[in-house]
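Pasting protein08.cif here (mmCIF, C-alpha atoms):
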```cif
data_start
#
loop_
_atom_site.label_atom_id
_atom_site.label_comp_id
_atom_site.auth_asym_id
_atom_site.auth_seq_id
_atom_site.Cartn_x
_atom_site.Cartn_y
_atom_site.Cartn_z
CA MET N 1 0.00 0.00 0.00
CA GLU N 2 2.78 2.39 0.90
CA GLY N 3 4.74 1.46 -2.22
CA LYS N 4 1.73 2.18 -4.40
CA ALA N 5 1.25 5.55 -2.72
CA ALA N 6 4.91 6.39 -3.22
CA LEU N 7 4.70 5.53 -6.91
CA THR N 8 1.62 7.72 -7.29
CA ILE N 9 3.34 10.65 -5.62
CA GLN N 10 6.45 10.19 -7.76
CA ARG N 11 4.35 9.95 -10.92
CA HIS N 12 2.50 13.17 -10.13
CA TRP N 13 5.72 14.97 -9.17
CA ARG N 14 7.51 13.90 -12.33
CA GLY N 15 4.54 14.94 -14.45
CA TYR N 16 4.39 18.33 -12.74
CA ARG N 17 8.13 18.87 -13.21
CA ALA N 18 7.97 17.84 -16.87
CA ARG N 19 5.01 20.15 -17.55
CA ARG N 20 6.79 23.05 -15.84
CA LYS N 21 9.93 22.44 -17.89
CA VAL N 22 7.93 22.32 -21.12
CA HIS N 23 6.16 25.55 -20.14
CA GLN N 24 9.48 27.27 -19.47
CA GLN N 25 10.88 26.05 -22.78
CA ARG N 26 7.77 27.28 -24.54
CA GLN N 27 8.16 30.75 -22.96
CA SER N 28 11.83 30.86 -23.95
CA LEU N 29 10.91 29.81 -27.48
CA LYS N 30 8.32 32.59 -27.70
CA GLN N 31 10.84 35.17 -26.47
CA HIS N 32 13.43 33.90 -28.97
CA LYS N 33 10.95 34.13 -31.84
CA ALA N 34 9.94 37.64 -30.76
CA ALA N 35 13.59 38.73 -30.60
CA VAL N 36 14.22 37.27 -34.07
CA ILE N 37 11.21 39.13 -35.49
CA ILE N 38 12.32 42.43 -33.90
CA GLN N 39 15.89 42.00 -35.15
CA ARG N 40 14.70 41.18 -38.66
CA ALA N 41 12.48 44.27 -38.74
CA ALA N 42 15.27 46.49 -37.35
CA HIS N 43 17.81 45.19 -39.89
CA LYS N 44 15.33 45.71 -42.69
CA PHE N 45 14.59 49.29 -41.56
CA LEU N 46 18.28 50.18 -41.13
CA GLY N 47 19.13 48.71 -44.52
CA LYS N 48 16.38 50.75 -46.16
CA CYS N 49 17.65 53.94 -44.48
CA GLN N 50 21.21 53.22 -45.58
CA ARG N 51 20.16 52.62 -49.18
CA LYS N 52 18.17 55.85 -49.14
CA ARG N 53 21.17 57.82 -47.83
CA LYS N 54 23.41 56.34 -50.49
CA ALA N 55 20.89 57.21 -53.19
CA LEU N 56 20.61 60.83 -51.99
CA SER N 57 24.30 61.36 -51.27
CA PRO N 58 26.34 62.76 -54.21
CA TRP N 59 29.49 61.08 -52.93
CA LYS N 60 30.25 57.69 -54.36
CA GLU N 61 33.05 55.60 -53.02
CA PRO N 62 35.78 55.32 -55.66
CA LYS N 63 36.67 51.98 -57.01
CA GLU N 64 40.07 50.57 -56.21
CA LEU N 65 42.63 50.90 -58.98
CA THR N 66 43.97 47.81 -60.60
CA SER N 67 47.67 47.09 -60.88
CA ALA N 68 47.75 48.19 -64.54
CA GLN N 69 45.99 51.47 -63.70
CA LYS N 70 48.43 52.12 -60.85
CA LEU N 71 51.41 51.58 -63.16
CA ALA N 72 49.92 53.88 -65.82
CA LEU N 73 49.27 56.60 -63.24
CA GLN N 74 52.79 56.31 -61.85
CA GLN N 75 54.17 56.61 -65.39
CA LYS N 76 52.17 59.81 -65.96
CA VAL N 77 53.50 61.29 -62.72
CA ASP N 78 57.09 60.45 -63.66
CA ASP N 79 56.64 61.97 -67.13
CA TYR N 80 55.24 65.20 -65.67
CA ILE N 81 58.11 65.49 -63.19
CA ARG N 82 60.62 64.94 -66.00
CA LEU N 83 58.98 67.57 -68.23
CA HIS N 84 58.53 70.12 -65.40
CA PRO N 85 61.60 69.97 -63.20
CA ALA N 86 61.67 72.01 -60.00
CA SER N 87 63.49 75.34 -60.28
CA GLN N 88 66.80 75.47 -58.46
CA MET N 89 67.52 78.65 -56.47
CA SER N 90 71.03 79.64 -55.53
CA GLU N 91 72.01 80.72 -52.05
CA GLY N 92 72.50 84.33 -53.13
CA MET N 93 69.05 84.52 -54.73
CA SER N 94 67.53 82.99 -51.61
CA LYS N 95 69.19 85.60 -49.37
CA GLU N 96 68.11 88.42 -51.67
CA LEU N 97 64.53 87.18 -51.65
CA HIS N 98 64.66 86.93 -47.87
CA LEU N 99 65.90 90.53 -47.57
CA GLN N 100 63.13 91.75 -49.87
CA GLY N 101 60.56 89.98 -47.75
CA GLN N 102 62.00 91.48 -44.56
CA GLU N 103 61.94 94.96 -46.11
CA LYS N 104 58.32 94.63 -47.18
CA LEU N 105 57.38 93.34 -43.75
CA ALA N 106 59.10 96.31 -42.07
CA GLN N 107 57.26 98.73 -44.38
CA TYR N 108 53.96 97.06 -43.60
CA LEU N 109 54.56 97.19 -39.84
CA LEU N 110 55.59 100.86 -40.03
CA ARG N 111 52.52 101.74 -42.08
CA SER N 112 50.29 99.83 -39.67
CA SER N 113 51.83 101.67 -36.71
CA LEU N 114 51.26 105.06 -38.36
CA ASP N 115 47.68 104.15 -39.24
CA ARG N 116 47.06 102.99 -35.69
CA ARG N 117 48.43 106.24 -34.25
CA ALA N 118 46.31 108.28 -36.64
CA GLU N 119 43.23 106.28 -35.66
CA GLN N 120 43.94 106.80 -31.96
CA ARG N 121 44.40 110.51 -32.57
CA ARG N 122 41.10 110.72 -34.43
CA GLU N 123 39.32 108.83 -31.65
CA ALA N 124 40.82 111.15 -29.02
CA LEU N 125 39.77 114.23 -30.98
CA LEU N 126 36.27 112.83 -31.50
CA ALA N 127 35.93 112.01 -27.80
CA GLN N 128 37.07 115.50 -26.87
CA VAL N 129 34.65 117.14 -29.30
CA ASN N 130 31.77 114.96 -28.05
CA THR N 131 32.58 115.91 -24.46
CA ASP N 132 32.60 119.59 -25.35
CA VAL N 133 29.29 119.22 -27.17
CA GLU N 134 27.69 117.48 -24.18
CA LEU N 135 28.94 120.16 -21.80
CA LEU N 136 27.72 122.89 -24.13
CA MET N 137 24.29 121.28 -24.54
CA SER N 138 23.86 121.06 -20.78
CA ALA N 139 25.15 124.59 -20.18
CA PRO N 140 22.75 127.37 -19.17
CA SER N 141 21.70 130.05 -21.60
CA LEU N 142 23.89 133.11 -22.09
CA MET N 143 21.39 135.28 -20.22
CA GLU N 144 21.59 133.00 -17.17
CA ALA N 145 25.31 132.22 -17.39
CA THR N 146 27.65 133.40 -14.63
CA GLU N 147 31.41 133.64 -14.31
CA LYS N 148 31.50 130.06 -13.03
CA ASP N 149 30.00 128.84 -16.30
CA LEU N 150 32.67 130.40 -18.52
CA ASP N 151 34.70 127.19 -18.72
CA VAL N 152 31.72 125.39 -20.24
CA PHE N 153 31.72 127.74 -23.23
CA MET N 154 35.49 127.42 -23.77
CA SER N 155 36.43 124.45 -25.92
CA ARG N 156 39.69 122.64 -25.22
CA SER N 157 39.89 121.49 -28.84
CA VAL N 158 42.12 123.83 -30.85
CA PRO N 159 40.36 123.26 -34.22
CA VAL N 160 36.93 123.68 -32.63
CA ALA N 161 37.98 126.82 -30.78
CA CYS N 162 39.55 128.24 -33.94
CA LYS N 163 36.41 127.49 -35.94
CA ALA N 164 34.19 129.04 -33.27
CA ARG N 165 36.36 132.17 -33.12
CA GLN N 166 36.31 132.40 -36.90
CA SER N 167 32.52 132.04 -37.05
CA HIS N 168 32.10 134.64 -34.31
CA ASN N 169 34.33 137.13 -36.15
CA THR N 170 32.44 136.45 -39.37
CA MET N 171 29.09 137.14 -37.72
CA LEU N 172 30.46 140.34 -36.15
CA LYS N 173 31.72 141.46 -39.52
CA HIS N 174 28.33 140.61 -40.99
CA THR N 175 26.55 142.85 -38.48
CA ARG N 176 28.64 145.83 -39.63
CA TRP N 177 27.82 145.35 -43.30
CA PRO N 178 25.27 147.60 -45.03
CA TRP N 179 21.85 146.21 -45.72
CA TRP N 180 22.43 145.78 -49.45
CA LYS N 181 25.42 143.53 -48.78
CA LYS N 182 23.40 141.23 -46.54
CA LEU N 183 21.07 140.21 -49.33
CA GLY N 184 23.40 137.47 -50.54
CA ASP N 185 25.24 134.64 -48.82
CA GLU N 186 28.68 136.21 -49.00
CA PHE N 187 28.96 136.35 -45.24
CA MET N 188 28.78 132.55 -45.10
CA ASP N 189 32.11 132.12 -46.92
CA ASP N 190 34.50 131.50 -44.05
CA ASP N 191 38.22 131.52 -44.43
CA MET N 192 39.98 128.19 -44.30
CA ILE N 193 41.56 127.09 -41.03
CA PRO N 194 45.36 126.86 -41.34
CA ASP N 195 46.82 123.37 -41.45
CA ASP N 196 49.26 124.10 -38.63
CA VAL N 197 46.31 124.83 -36.35
CA LEU N 198 44.51 121.65 -37.32
CA ASN N 199 47.65 119.57 -36.79
CA THR N 200 48.34 121.01 -33.33
CA GLU N 201 49.07 118.33 -30.75
CA PHE N 202 46.65 118.26 -27.83
CA GLY N 203 48.40 118.41 -24.48
CA THR N 204 45.38 117.45 -22.40
CA LEU N 205 42.12 115.66 -23.02
CA PHE N 206 38.89 116.22 -21.13
CA ILE N 207 36.54 113.22 -21.12
CA GLY N 208 33.50 113.10 -18.90
CA GLY N 209 34.63 116.14 -16.92
CA SER N 210 37.98 114.60 -15.86
CA LYS N 211 41.37 115.76 -17.10
CA SER N 212 43.88 113.18 -18.31
CA SER N 213 47.33 113.90 -19.68
#
```
Take the structure in the file and give it back as structure tokens.
Amino acid sequence: MEGKAALTIQRHWRGYRARRKVHQQRQSLKQHKAAVIIQRAAHKFLGKCQRKRKALSPWKEPKELTSAQKLALQQKVDDYIRLHPASQMSEGMSKELHLQGQEKLAQYLLRSSLDRRAEQRREALLAQVNTDVELLMSAPSLMEATEKDLDVFMSRSVPVACKARQSHNTMLKHTRWPWWKKLGDEFMDDDMIPDDVLNTEFGTLFIGGSKSS
């Protein structure tokens, strides 16, 4: 009786274990098939994209040259070198060419330095004129001006001061003219400012109300 019961238990246990093993194998088989399907679809999609890129790309990979083509190309190169030899330059010619290059470089550097100085001078003059204009625009009217405001109406720029003095003298001269002479625009013809005045070096520069040497 006990032996029969043991056989029954063993039979049921072996059947259960076999069914579980088959079920696990079936699940693994399903996963493997799913992975194969996904990989096949991915490879197909990537291949299609690659073919599309190759079709749209203007670049085509060159074909490898054969041995005969390589020999023919090498022969062409040798013939060209033989027909067009490199020019030989002597040591004296090389030194002369080097000196010419050094001279041109020195001229270029000197010209660049002069241009840079001229640009700095123009910027300084422009900054000074702008400062004078700002001070003059913010200055009180002549009727309200006092002795403390005299510096505002005095420009520190020599060309500007010379031009202002010239315009003032011209207007004064215009006021003394007879009426028949004021009918035209003759009083607007100012004399030219001398070059030595325009080229005067500025000793000081006023920017934003501060004095810098």
Please define a box with edges along x, y and z of the file around all atoms of stretch 165-179 of chain N given in the file, extend it by 8 Å on each side, and return its centre and edge lengths in Å to one decimal, as JSON.
```
{"center_x": 29.1, "center_y": 139.8, "center_z": -39.4, "size_x": 30.5, "size_y": 31.6, "size_z": 28.6}
```
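In this structure, atom CA of N:Ser87 sits 23.7 Å away from atom CA of N:Leu73.
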**Q.** Straight-line distance linking atom CA of N:Ala86 with atom CA of N:Gln74, stated in Å to one decimal
**A.**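 About the pair atom CA of N:Ala86 and atom CA of N:Gln74: they are 18.1 Å apart.
We find atom CA of N:Gln166 and atom CA of N:Met154 to be spaced 14.1 Å apart.
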